[in-house]
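With mmCIF, C-alpha atoms inside, this is target11.cif:
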data_upload
loop_
_atom_site.label_atom_id
_atom_site.label_comp_id
_atom_site.auth_asym_id
_atom_site.auth_seq_id
_atom_site.Cartn_x
_atom_site.Cartn_y
_atom_site.Cartn_z
CA MET A 1 -40.53 -45.56 -38.18
CA ARG A 2 -39.51 -44.04 -34.85
CA LYS A 3 -35.92 -43.00 -34.16
CA ALA A 4 -35.38 -45.95 -31.82
CA GLY A 5 -36.45 -48.35 -34.57
CA ARG A 6 -34.02 -46.80 -37.04
CA PHE A 7 -31.21 -47.06 -34.51
CA ALA A 8 -32.08 -50.72 -33.94
CA LEU A 9 -31.76 -51.36 -37.69
CA LEU A 10 -28.39 -49.62 -37.72
CA VAL A 11 -26.95 -51.77 -34.91
CA PRO A 12 -26.46 -54.95 -37.03
CA GLY A 13 -24.60 -52.84 -39.56
CA GLY A 14 -22.30 -51.62 -36.79
CA VAL A 15 -21.73 -55.20 -35.64
CA ALA A 16 -20.88 -56.17 -39.22
CA LEU A 17 -18.35 -53.32 -39.38
CA LEU A 18 -16.62 -54.38 -36.17
CA ALA A 19 -16.59 -58.05 -37.22
CA GLY A 20 -15.25 -57.12 -40.66
CA LEU A 21 -12.39 -55.16 -39.08
CA ASP A 22 -11.67 -58.13 -36.80
CA ALA A 23 -11.55 -60.38 -39.87
CA GLY A 24 -9.13 -57.96 -41.51
CA LEU A 25 -6.72 -58.35 -38.59
CA LEU A 26 -6.98 -62.13 -38.84
CA LEU A 27 -6.21 -62.04 -42.57
CA LEU A 28 -3.10 -59.99 -41.81
CA GLY A 29 -1.98 -62.57 -39.24
CA LEU A 30 -2.39 -60.07 -36.40
CA PRO A 31 -4.00 -60.63 -32.98
CA ALA A 32 -7.75 -60.03 -33.02
CA PRO A 33 -10.43 -59.95 -30.30
CA VAL A 34 -12.48 -62.69 -32.00
CA THR A 35 -10.99 -65.65 -33.85
CA ALA A 36 -14.08 -67.34 -35.31
CA GLU A 37 -13.14 -69.70 -38.14
CA ARG A 38 -15.67 -68.24 -40.61
CA LEU A 39 -14.68 -64.59 -40.20
CA PRO A 40 -11.90 -64.39 -42.83
CA GLN A 41 -14.17 -66.15 -45.34
CA VAL A 42 -16.96 -63.55 -45.03
CA HIS A 43 -14.75 -60.47 -44.60
CA GLY A 44 -15.64 -58.71 -47.88
CA PRO A 45 -19.41 -59.32 -48.14
CA LEU A 46 -19.77 -58.60 -44.43
CA LEU A 47 -18.31 -55.11 -44.80
CA VAL A 48 -19.84 -54.22 -48.18
CA LEU A 49 -23.36 -55.67 -47.85
CA GLY A 50 -23.67 -56.21 -44.11
CA PHE A 51 -22.34 -52.78 -43.14
CA VAL A 52 -22.43 -50.32 -46.05
CA GLY A 53 -25.44 -52.00 -47.66
CA THR A 54 -27.43 -51.72 -44.42
CA VAL A 55 -26.57 -48.02 -44.09
CA ILE A 56 -27.52 -47.26 -47.70
CA ALA A 57 -30.75 -49.27 -47.47
CA LEU A 58 -31.73 -47.52 -44.23
CA GLU A 59 -31.09 -44.12 -45.78
CA ARG A 60 -33.25 -45.05 -48.76
CA ALA A 61 -35.99 -46.43 -46.51
CA VAL A 62 -36.10 -43.12 -44.64
CA ALA A 63 -36.58 -41.37 -47.99
CA LEU A 64 -39.27 -43.83 -49.06
CA ARG A 65 -41.25 -43.35 -45.83
CA ARG A 66 -43.16 -46.59 -46.17
CA PRO A 67 -43.00 -49.35 -43.57
CA TRP A 68 -42.12 -52.08 -46.05
CA GLY A 69 -39.01 -50.17 -47.13
CA TYR A 70 -37.34 -50.91 -43.79
CA ALA A 71 -37.37 -54.60 -44.66
CA ALA A 72 -34.32 -53.97 -46.89
CA PRO A 73 -31.94 -52.79 -44.13
CA ALA A 74 -33.47 -55.36 -41.76
CA ALA A 75 -32.69 -58.22 -44.15
CA LEU A 76 -29.18 -56.97 -44.90
CA GLY A 77 -28.45 -56.52 -41.19
CA ALA A 78 -29.86 -59.96 -40.43
CA GLY A 79 -27.72 -61.42 -43.19
CA GLY A 80 -24.61 -59.89 -41.66
CA LEU A 81 -25.46 -61.30 -38.24
CA ALA A 82 -26.22 -64.72 -39.76
CA LEU A 83 -22.79 -64.78 -41.38
CA LEU A 84 -21.30 -64.37 -37.90
CA ALA A 85 -23.40 -67.02 -36.18
CA PRO A 86 -21.67 -70.45 -36.20
CA ALA A 87 -25.02 -72.20 -35.71
CA VAL A 88 -26.39 -70.71 -38.95
CA PRO A 89 -25.18 -72.31 -42.21
CA LEU A 90 -23.22 -69.96 -44.44
CA LEU A 91 -25.92 -70.27 -47.10
CA GLY A 92 -28.48 -68.88 -44.65
CA GLY A 93 -26.57 -65.62 -44.32
CA GLN A 94 -25.94 -65.49 -48.06
CA LEU A 95 -29.63 -65.90 -48.87
CA ALA A 96 -30.55 -63.17 -46.38
CA LEU A 97 -28.20 -60.84 -48.24
CA VAL A 98 -29.87 -61.83 -51.53
CA VAL A 99 -33.27 -60.93 -50.05
CA GLY A 100 -31.93 -57.66 -48.67
CA THR A 101 -30.40 -56.54 -51.97
CA ALA A 102 -33.57 -57.55 -53.85
CA LEU A 103 -35.62 -55.42 -51.46
CA LEU A 104 -33.19 -52.55 -51.99
CA VAL A 105 -33.82 -52.78 -55.73
CA ALA A 106 -37.57 -52.67 -54.99
CA VAL A 107 -37.10 -49.54 -52.86
CA TYR A 108 -35.22 -47.84 -55.68
CA ARG A 109 -37.91 -48.91 -58.13
CA THR A 110 -40.56 -47.13 -56.07
CA LEU A 111 -38.41 -44.01 -55.75
CA TRP A 112 -37.84 -44.11 -59.52
CA ARG A 113 -41.56 -44.19 -60.18
CA ARG A 114 -41.95 -41.08 -58.06
CA GLN A 115 -39.27 -39.06 -59.79
CA GLU A 116 -36.92 -40.16 -62.53
CA SER A 117 -33.45 -38.68 -62.81
CA ARG A 118 -30.08 -39.65 -64.21
CA ALA A 119 -28.56 -39.63 -60.73
CA LEU A 120 -31.19 -42.03 -59.42
CA ALA A 121 -30.71 -44.21 -62.50
CA LEU A 122 -27.05 -44.69 -61.51
CA GLN A 123 -28.11 -45.77 -58.03
CA VAL A 124 -30.68 -48.21 -59.44
CA VAL A 125 -27.99 -49.83 -61.59
CA GLY A 126 -25.72 -49.98 -58.55
CA ALA A 127 -28.39 -51.79 -56.54
CA VAL A 128 -28.82 -54.31 -59.36
CA LEU A 129 -25.07 -54.98 -59.23
CA ALA A 130 -25.35 -55.55 -55.46
CA LEU A 131 -28.08 -58.12 -56.10
CA GLY A 132 -25.90 -59.76 -58.73
CA ALA A 133 -22.96 -59.97 -56.31
CA ALA A 134 -25.15 -61.53 -53.59
CA LEU A 135 -26.56 -64.08 -56.04
CA MET A 136 -23.11 -65.02 -57.33
CA TRP A 137 -21.71 -65.51 -53.84
CA ALA A 138 -24.74 -67.54 -52.73
CA GLY A 139 -24.34 -69.63 -55.88
CA GLY A 140 -20.81 -70.63 -54.92
CA ALA A 141 -18.69 -68.09 -56.78
CA PRO A 142 -15.55 -66.94 -54.93
CA VAL A 143 -15.67 -63.50 -53.33
CA ALA A 144 -12.90 -62.40 -55.71
CA THR A 145 -15.21 -63.10 -58.66
CA SER A 146 -17.96 -60.92 -57.21
CA LEU A 147 -15.53 -58.13 -56.24
CA PRO A 148 -16.20 -56.01 -59.38
CA TRP A 149 -19.95 -56.28 -58.70
CA LEU A 150 -19.53 -55.12 -55.11
CA ALA A 151 -17.26 -52.30 -56.24
CA GLY A 152 -19.73 -51.26 -58.94
CA PHE A 153 -22.54 -51.14 -56.37
CA LEU A 154 -20.68 -48.68 -54.16
CA VAL A 155 -19.16 -46.59 -56.94
CA LEU A 156 -22.44 -46.07 -58.79
CA THR A 157 -24.43 -45.40 -55.61
CA ILE A 158 -22.01 -42.71 -54.48
CA ALA A 159 -21.57 -41.34 -58.01
CA GLY A 160 -25.34 -40.91 -58.27
CA GLU A 161 -25.44 -38.89 -55.06
CA ARG A 162 -22.51 -36.72 -56.13
CA LEU A 163 -24.09 -36.14 -59.55
CA GLU A 164 -27.15 -34.64 -57.90
CA LEU A 165 -25.04 -32.38 -55.73
CA ALA A 166 -22.85 -31.42 -58.70
CA ARG A 167 -25.83 -29.45 -60.00
CA VAL A 168 -24.66 -26.68 -57.68
CA GLY A 169 -21.83 -26.24 -60.16
CA SER A 170 -24.21 -26.36 -63.15
CA PRO A 171 -22.50 -29.23 -65.00
CA GLY A 172 -25.00 -29.05 -67.85
CA GLU A 173 -27.14 -31.59 -69.66
CA ALA A 174 -24.25 -33.01 -71.70
CA SER A 175 -22.13 -33.67 -68.61
CA GLU A 176 -24.99 -35.39 -66.78
CA ARG A 177 -25.55 -37.61 -69.81
CA ALA A 178 -21.83 -38.39 -69.90
CA VAL A 179 -21.82 -39.48 -66.25
CA LEU A 180 -24.83 -41.73 -66.82
CA GLN A 181 -23.33 -43.24 -69.97
CA LEU A 182 -20.04 -43.93 -68.21
CA GLY A 183 -21.95 -45.48 -65.32
CA VAL A 184 -23.77 -47.79 -67.72
CA LEU A 185 -20.43 -48.63 -69.38
CA LEU A 186 -18.99 -49.44 -65.98
CA ALA A 187 -21.92 -51.76 -65.21
CA ALA A 188 -21.45 -53.49 -68.58
CA ALA A 189 -17.75 -53.91 -67.83
CA VAL A 190 -18.63 -55.45 -64.45
CA ALA A 191 -20.81 -58.01 -66.21
CA ALA A 192 -18.02 -58.65 -68.74
CA THR A 193 -15.58 -59.54 -65.95
CA ALA A 194 -17.56 -62.73 -65.33
CA LEU A 195 -17.44 -63.76 -69.01
CA TRP A 196 -14.13 -62.41 -70.28
CA PRO A 197 -12.04 -61.69 -67.17
CA ALA A 198 -8.97 -60.11 -68.80
CA ALA A 199 -10.81 -57.80 -71.21
CA GLY A 200 -13.64 -57.12 -68.73
CA HIS A 201 -11.32 -55.95 -65.94
CA ALA A 202 -9.34 -53.75 -68.33
CA LEU A 203 -12.58 -52.18 -69.58
CA LEU A 204 -13.73 -51.75 -65.97
CA GLY A 205 -10.53 -49.89 -65.13
CA LEU A 206 -10.92 -47.63 -68.15
CA ALA A 207 -14.58 -46.87 -67.37
CA LEU A 208 -13.71 -46.16 -63.74
CA LEU A 209 -10.96 -43.72 -64.68
CA ALA A 210 -13.23 -41.90 -67.11
CA LEU A 211 -16.11 -41.72 -64.63
CA VAL A 212 -13.91 -40.30 -61.85
CA ALA A 213 -12.42 -37.74 -64.25
CA VAL A 214 -15.87 -36.42 -65.21
CA LEU A 215 -17.06 -36.36 -61.59
CA LEU A 216 -13.94 -34.52 -60.48
CA VAL A 217 -14.46 -31.80 -63.07
CA HIS A 218 -17.93 -30.94 -61.80
CA ASP A 219 -17.87 -31.84 -58.10
CA VAL A 220 -18.23 -28.71 -56.00
CA ALA A 221 -15.71 -30.20 -53.55
CA ARG A 222 -12.90 -28.85 -55.74
CA ARG A 223 -14.03 -25.31 -54.96
CA LEU A 224 -14.17 -25.77 -51.21
CA VAL A 225 -10.80 -27.29 -50.32
CA ARG A 226 -9.74 -23.84 -49.11
CA ALA A 227 -12.94 -23.21 -47.19
CA THR A 228 -13.23 -23.64 -43.42
CA GLY A 229 -14.91 -26.02 -41.02
CA LEU A 230 -17.21 -28.75 -42.26
CA PRO A 231 -17.18 -27.80 -45.98
CA ARG A 232 -13.39 -28.07 -46.13
CA TYR A 233 -13.39 -31.34 -44.18
CA VAL A 234 -15.94 -32.88 -46.54
CA ALA A 235 -14.16 -31.57 -49.63
CA TRP A 236 -10.83 -33.13 -48.66
CA CYS A 237 -12.50 -36.45 -47.80
CA LEU A 238 -14.19 -36.53 -51.20
CA LEU A 239 -11.10 -35.64 -53.20
CA ALA A 240 -8.97 -38.19 -51.33
CA GLY A 241 -11.63 -40.83 -52.03
CA TYR A 242 -11.60 -40.01 -55.74
CA GLY A 243 -7.81 -40.35 -55.71
CA TRP A 244 -8.00 -43.93 -54.42
CA LEU A 245 -10.60 -44.77 -57.04
CA LEU A 246 -8.09 -43.66 -59.69
CA VAL A 247 -5.58 -46.09 -58.16
CA ALA A 248 -8.05 -48.97 -58.42
CA GLY A 249 -8.95 -48.06 -62.00
CA GLY A 250 -5.29 -47.90 -62.96
CA VAL A 251 -4.53 -51.33 -61.49
CA TRP A 252 -7.47 -52.93 -63.29
CA LEU A 253 -6.56 -51.25 -66.57
CA LEU A 254 -2.91 -52.31 -66.44
CA ALA A 255 -3.08 -55.65 -64.60
CA GLY A 256 -6.44 -56.95 -65.82
CA ALA A 257 -8.08 -59.68 -63.75
CA VAL A 258 -6.48 -59.79 -60.31
CA THR A 259 -7.93 -62.28 -57.83
CA GLU A 260 -5.05 -62.62 -55.37
CA GLY A 261 -1.70 -61.19 -54.40
CA PRO A 262 -0.51 -57.61 -53.91
CA ALA A 263 -2.45 -56.13 -56.85
CA TYR A 264 -5.68 -57.65 -55.54
CA ASP A 265 -5.01 -56.30 -52.05
CA ALA A 266 -4.32 -52.85 -53.50
CA VAL A 267 -7.54 -52.78 -55.54
CA VAL A 268 -9.73 -54.10 -52.73
CA HIS A 269 -8.54 -51.59 -50.17
CA ALA A 270 -8.32 -48.66 -52.58
CA VAL A 271 -12.02 -49.11 -53.39
CA PHE A 272 -13.47 -50.21 -50.07
CA LEU A 273 -11.24 -48.28 -47.65
CA GLY A 274 -9.73 -45.38 -49.57
CA PHE A 275 -12.86 -44.52 -51.55
CA THR A 276 -15.87 -45.90 -49.69
CA LEU A 277 -14.78 -45.25 -46.09
CA SER A 278 -13.58 -41.77 -47.02
CA MET A 279 -16.99 -41.02 -48.55
CA ILE A 280 -18.73 -42.36 -45.45
CA MET A 281 -16.55 -40.19 -43.22
CA ALA A 282 -17.39 -37.21 -45.42
CA HIS A 283 -21.16 -37.68 -45.30
CA ALA A 284 -21.62 -39.02 -41.76
CA PRO A 285 -22.29 -35.54 -40.29
CA VAL A 286 -25.13 -35.21 -42.82
CA ILE A 287 -26.57 -38.71 -43.04
CA LEU A 288 -26.59 -39.74 -39.38
CA PRO A 289 -28.76 -36.80 -38.22
CA ALA A 290 -31.27 -37.64 -40.95
CA VAL A 291 -31.39 -41.31 -40.04
CA LEU A 292 -31.16 -41.09 -36.25
CA GLY A 293 -32.86 -37.75 -35.72
CA ARG A 294 -29.97 -36.48 -33.59
CA PRO A 295 -27.43 -33.76 -34.44
CA PHE A 296 -23.87 -34.65 -35.38
CA PRO A 297 -21.94 -31.40 -34.87
CA TYR A 298 -18.72 -31.07 -36.80
CA ARG A 299 -15.53 -30.94 -34.75
CA ALA A 300 -12.04 -30.45 -36.15
CA VAL A 301 -10.84 -33.64 -34.42
CA LEU A 302 -12.82 -35.65 -37.01
CA ALA A 303 -9.96 -34.98 -39.42
CA VAL A 304 -7.54 -37.06 -37.31
CA PRO A 305 -8.90 -40.53 -38.23
CA VAL A 306 -9.34 -39.39 -41.84
CA VAL A 307 -5.66 -38.45 -42.11
CA LEU A 308 -4.68 -41.68 -40.37
CA LEU A 309 -6.83 -43.72 -42.76
CA HIS A 310 -5.25 -42.31 -45.90
CA ALA A 311 -1.69 -42.24 -44.53
CA SER A 312 -1.91 -45.86 -43.35
CA LEU A 313 -3.49 -46.96 -46.63
CA LEU A 314 -0.67 -45.29 -48.54
CA LEU A 315 1.81 -47.20 -46.38
CA ARG A 316 -0.04 -50.45 -47.01
CA VAL A 317 -0.47 -50.07 -50.78
CA LEU A 318 2.84 -48.39 -51.61
CA GLY A 319 5.16 -49.98 -49.08
CA GLY A 320 3.42 -53.33 -48.71
CA ASP A 321 1.74 -54.11 -52.04
CA ALA A 322 4.03 -52.24 -54.44
CA PHE A 323 7.42 -52.83 -52.77
CA GLY A 324 6.69 -56.03 -50.88
CA ALA A 325 7.59 -54.85 -47.38
CA SER A 326 5.66 -57.14 -45.05
CA TRP A 327 6.04 -54.77 -42.10
CA ALA A 328 4.41 -52.00 -44.16
CA LEU A 329 1.50 -54.26 -45.08
CA THR A 330 0.77 -55.34 -41.51
CA THR A 331 1.45 -51.94 -39.94
CA GLY A 332 -0.65 -50.18 -42.55
CA GLY A 333 -3.45 -52.71 -42.09
CA ALA A 334 -3.45 -52.35 -38.32
CA LEU A 335 -3.54 -48.56 -38.62
CA ASN A 336 -6.41 -48.86 -41.13
CA VAL A 337 -8.43 -50.58 -38.42
CA ALA A 338 -7.37 -48.01 -35.83
CA ALA A 339 -8.48 -45.16 -38.11
CA VAL A 340 -11.94 -46.64 -38.68
CA LEU A 341 -12.42 -47.42 -34.98
CA GLY A 342 -11.26 -43.92 -34.10
CA PHE A 343 -13.82 -42.38 -36.43
CA VAL A 344 -16.59 -44.61 -35.10
CA GLY A 345 -15.71 -43.60 -31.54
CA LEU A 346 -15.73 -39.89 -32.42
CA ALA A 347 -19.02 -40.28 -34.29
CA VAL A 348 -20.68 -41.97 -31.30
CA TRP A 349 -19.33 -39.28 -28.97
CA SER A 350 -20.45 -36.45 -31.27
CA VAL A 351 -23.98 -37.84 -31.65
CA ALA A 352 -24.26 -38.59 -27.91
CA THR A 353 -23.25 -35.03 -26.98
CA GLY A 354 -24.79 -33.39 -30.03
CA ARG A 355 -27.77 -31.83 -28.30
CA ARG A 356 -25.50 -29.87 -26.02
CA ALA A 357 -23.13 -28.87 -28.81
CA ALA A 358 -25.75 -27.98 -31.43
CA PRO A 359 -26.14 -24.21 -31.97
CA ARG A 360 -29.30 -22.72 -30.56
CA GLY A 361 -31.72 -20.64 -32.49
CA ARG A 362 -30.89 -22.34 -35.78
CA ARG A 363 -33.43 -24.29 -37.75
CA PRO A 364 -31.86 -26.88 -40.08
CA VAL A 365 -32.00 -25.93 -43.72
CA ALA A 366 -33.71 -28.81 -45.50
CA THR A 367 -32.45 -28.81 -49.05
CA ASP A 368 -33.69 -32.31 -49.75
CA PRO A 369 -36.62 -31.87 -52.08
CA GLY A 370 -38.20 -34.94 -50.58
CA ALA A 371 -40.69 -32.31 -49.46
CA ALA A 372 -41.70 -32.08 -53.11
CA HIS A 373 -43.50 -35.36 -52.62
CA PRO A 374 -45.79 -35.91 -49.64
CA ASP A 375 -44.58 -39.49 -49.14
CA VAL A 376 -40.86 -38.73 -49.07
CA THR A 377 -38.95 -37.72 -45.97
CA PRO A 378 -35.93 -35.44 -46.51
CA LEU A 379 -32.76 -37.48 -46.19
CA ALA A 380 -30.85 -34.76 -44.44
CA ALA A 381 -31.18 -31.28 -43.14
CA VAL A 382 -27.97 -29.44 -42.58
CA SER A 383 -27.33 -26.66 -40.14
CA ALA A 384 -23.59 -27.23 -40.04
CA SER A 385 -22.94 -24.78 -42.86
CA ALA A 386 -24.62 -22.12 -40.77
CA ALA A 387 -22.58 -23.04 -37.70
CA HIS A 388 -19.37 -23.20 -39.74
CA PRO A 389 -19.77 -20.71 -42.59
CA ALA A 390 -18.08 -21.42 -45.87
CA PRO A 391 -17.07 -18.82 -48.43
CA VAL A 392 -19.99 -17.60 -50.50
CA LEU A 393 -19.78 -18.71 -54.10
CA PRO A 394 -21.08 -16.56 -56.95
CA ALA A 395 -24.74 -17.20 -57.60
CA PRO A 396 -25.39 -19.33 -60.68
CA ALA A 397 -27.24 -17.80 -63.57
CA ASP A 398 -30.14 -20.16 -63.04
CA PRO A 399 -31.39 -19.93 -59.43
CA ALA A 400 -32.84 -23.45 -59.66
CA SER A 401 -29.35 -24.83 -60.12
CA ALA A 402 -28.46 -23.74 -56.60
CA HIS A 403 -30.48 -26.57 -55.10
CA PRO A 404 -30.04 -30.31 -55.58
CA ALA A 405 -32.74 -32.25 -57.32
CA ALA A 406 -35.25 -34.46 -55.59
CA GLY A 407 -34.15 -37.32 -53.41
CA VAL A 408 -30.69 -35.97 -52.62
CA PRO A 409 -29.47 -35.22 -49.11
CA ALA A 410 -28.20 -31.80 -48.24
CA ASP A 411 -24.45 -31.70 -48.48
CA PRO A 412 -22.05 -29.52 -46.52
CA THR A 413 -20.10 -28.82 -49.69
CA GLU A 414 -23.20 -27.02 -50.92
CA VAL A 415 -23.16 -23.40 -49.84
CA THR A 416 -26.58 -22.21 -48.76
CA ALA A 417 -27.68 -18.76 -47.82
#

Would you put the structure from the file into structure tokens?
Amino acid sequence: MRKAGRFALLVPGGVALLAGLDAGLLLLGLPAPVTAERLPQVHGPLLVLGFVGTVIALERAVALRRPWGYAAPAALGAGGLALLAPAVPLLGGQLALVVGTALLVAVYRTLWRRQESRALALQVVGAVLALGAALMWAGGAPVATSLPWLAGFLVLTIAGERLELARVGSPGEASERAVLQLGVLLAAAVAATALWPAAGHALLGLALLALVAVLLVHDVARRLVRATGLPRYVAWCLLAGYGWLLVAGGVWLLAGAVTEGPAYDAVVHAVFLGFTLSMIMAHAPVILPAVLGRPFPYRAVLAVPVVLLHASLLLRVLGGDAFGASWALTTGGALNVAAVLGFVGLAVWSVATGRRAAPRGRRPVATDPGAAHPDVTPLAAVSASAAHPAPVLPAPADPASAHPAAGVPADPTEVTA
């Protein structure tokens, strides 16, 4: 698909993001640009499936490099737009999301047949959880009931990508097996939340804590927090995101099934803002050039909305949810929205001016082994590490371990020669 077509598929996801942020303001009782009656009702699925799901599906479709693969982001984007259209019944948008997540599973199935790996297995399980969440919501289950499924989708998808990139640090066969086993345990715990809510949520919290602990040990981000430029920016985003995932795991472990109130607010925003948005901010300079075919040069100002996001979320969760200060909840929530909008604005500006800012004479280093298969397009090619050099790490004993396995985008936390 041409670059213009990919951009067109990304637009509904952007609309879903803006509408989801608008709904967040309404839920906080704050003034919002749009006051549609349905917005607060669709807030969660709109952001998770309509926005993040569309982005993930588009990224996977680019890797698949088959026309039918783009039906997944198209259906998810259409579902998000349908949720916003008053003339379309709510069920219409819900069914579109079911179709989109089912197509995403089909995309992963084809990628799996090309090259199996533990990291891809985690992402396949995550996509199945997304389909389960869409089916439950379309079947009439409250959004709170499908929350663990939506969380599992994002956590396992991102964990799979980080597992591939962790090979730079040579985690070893046993560690990779441990990550996969914990991912499967997490998926089982998600399913258990629908049958035995108290025990299932506690098990989900435990599995989440264990999974994050193993990922933290082997993620190369820990080595690059004292680097410079893009590698340091990405490393801090990743580590902050992991921190919020520990908060969510702790709440589920200690509080069990939470479907409303301060604990629910803390879990929801720790997972979907603190973890997911931080990971998106970390990988945007890598993923957007691959999807849109335009450079996204790193600029130090990108750190401003990241710091604002985490500071405002801390105010919201600690001051508002933990200590019950209403001003902290609303102020933190408003600043959450400001942080995301600020990042979106900077991203649009960076991509729009990227051709002028991109260094000349540099050919992107494609570390995505999609080239290993003639039908797979590399997900990302990164030249930012050349433009913003990071400290050189000692070469691993096995040269093959210096490159991520097939199907994984290049990552600025990976140091390339």

Next on the checklist: For the PyMOL selection byres ((chain A and resi 215) around 8), applied here, can you spell out every residue it catches as an MDAnalysis selection string?
Outcome noted: chainID A and resid 159 162:163 179 211:214 216:219

What are the nearest atom pairs, with distances in Å to one decimal, for all residues of range 192-311 of chain A that come at most 9 Å from range 35-59 of chain A, using all atoms listed in the file, set out by chain and rising residue number as CSV?
residue,atom,partner,partner_atom,distance
A:Val268,CA,A:Gly44,CA,8.9
A:Phe272,CA,A:Val48,CA,7.8
A:Thr276,CA,A:Val52,CA,8.7
A:Ile280,CA,A:Val52,CA,8.8
A:Ile287,CA,A:Glu59,CA,7.6
A:Leu288,CA,A:Glu59,CA,9.0
A:Ala290,CA,A:Glu59,CA,8.1
A:Val291,CA,A:Glu59,CA,6.4

### Message
Let me make sure I understand: among A:Ala187, A:Gln123, A:Thr157, A:Ala240, which one has the smallest atom-to-atom distance to Arg222 in chain A if we use only C-alpha atoms?
### Response
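Of all the options, A:Ala240 lies closest to Arg222 in chain A.
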
Taking the file as shown, find all residues satisfying the PyMOL selection byres ((chain A and resi 247) around 9) and write them as a PDB file with C-alpha atoms, in the coordinates of the input.
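File produced: selection_39.pdb:
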ATOM      1  CA  LEU A 209     -10.960 -43.720 -64.680  1.00  0.00           C
ATOM      2  CA  TYR A 242     -11.600 -40.010 -55.740  1.00  0.00           C
ATOM      3  CA  GLY A 243      -7.810 -40.350 -55.710  1.00  0.00           C
ATOM      4  CA  TRP A 244      -8.000 -43.930 -54.420  1.00  0.00           C
ATOM      5  CA  LEU A 245     -10.600 -44.770 -57.040  1.00  0.00           C
ATOM      6  CA  LEU A 246      -8.090 -43.660 -59.690  1.00  0.00           C
ATOM      7  CA  ALA A 248      -8.050 -48.970 -58.420  1.00  0.00           C
ATOM      8  CA  GLY A 249      -8.950 -48.060 -62.000  1.00  0.00           C
ATOM      9  CA  GLY A 250      -5.290 -47.900 -62.960  1.00  0.00           C
ATOM     10  CA  VAL A 251      -4.530 -51.330 -61.490  1.00  0.00           C
ATOM     11  CA  TRP A 252      -7.470 -52.930 -63.290  1.00  0.00           C
ATOM     12  CA  ALA A 266      -4.320 -52.850 -53.500  1.00  0.00           C
ATOM     13  CA  VAL A 267      -7.540 -52.780 -55.540  1.00  0.00           C
ATOM     14  CA  ALA A 270      -8.320 -48.660 -52.580  1.00  0.00           C
ATOM     15  CA  VAL A 271     -12.020 -49.110 -53.390  1.00  0.00           C
TER      16      VAL A 271
END

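Within the file as shown, the PyMOL selection byres ((chain A and resi 155) around 9) identifies Gly126, Leu150, Ala151, Gly152, Phe153, Leu154, Leu156, Thr157, Ile158, Ala159, Gly160, Gly183, Leu208, Leu245, Val271, Phe275 and Thr276 of chain A.
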
TODO: Give me the residues within 9 Å of His310 in chain A as a PyMOL selection string, counting all atoms listed in the file and dropping any in the same chain fewer than 2 places off.
DONE: chain A and resi 240-241+273-274+278+305-308+312-315+336+339

A straight line from CA of Gly80 in chain A to CA of Thr101 in chain A spans 12.3 Å

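With distances taken over all atoms listed in the file, A:Gly13 is the one residue among A:Arg113, A:Gly13, A:Met136, A:Ser326 lying closest to Gly77 in chain A.
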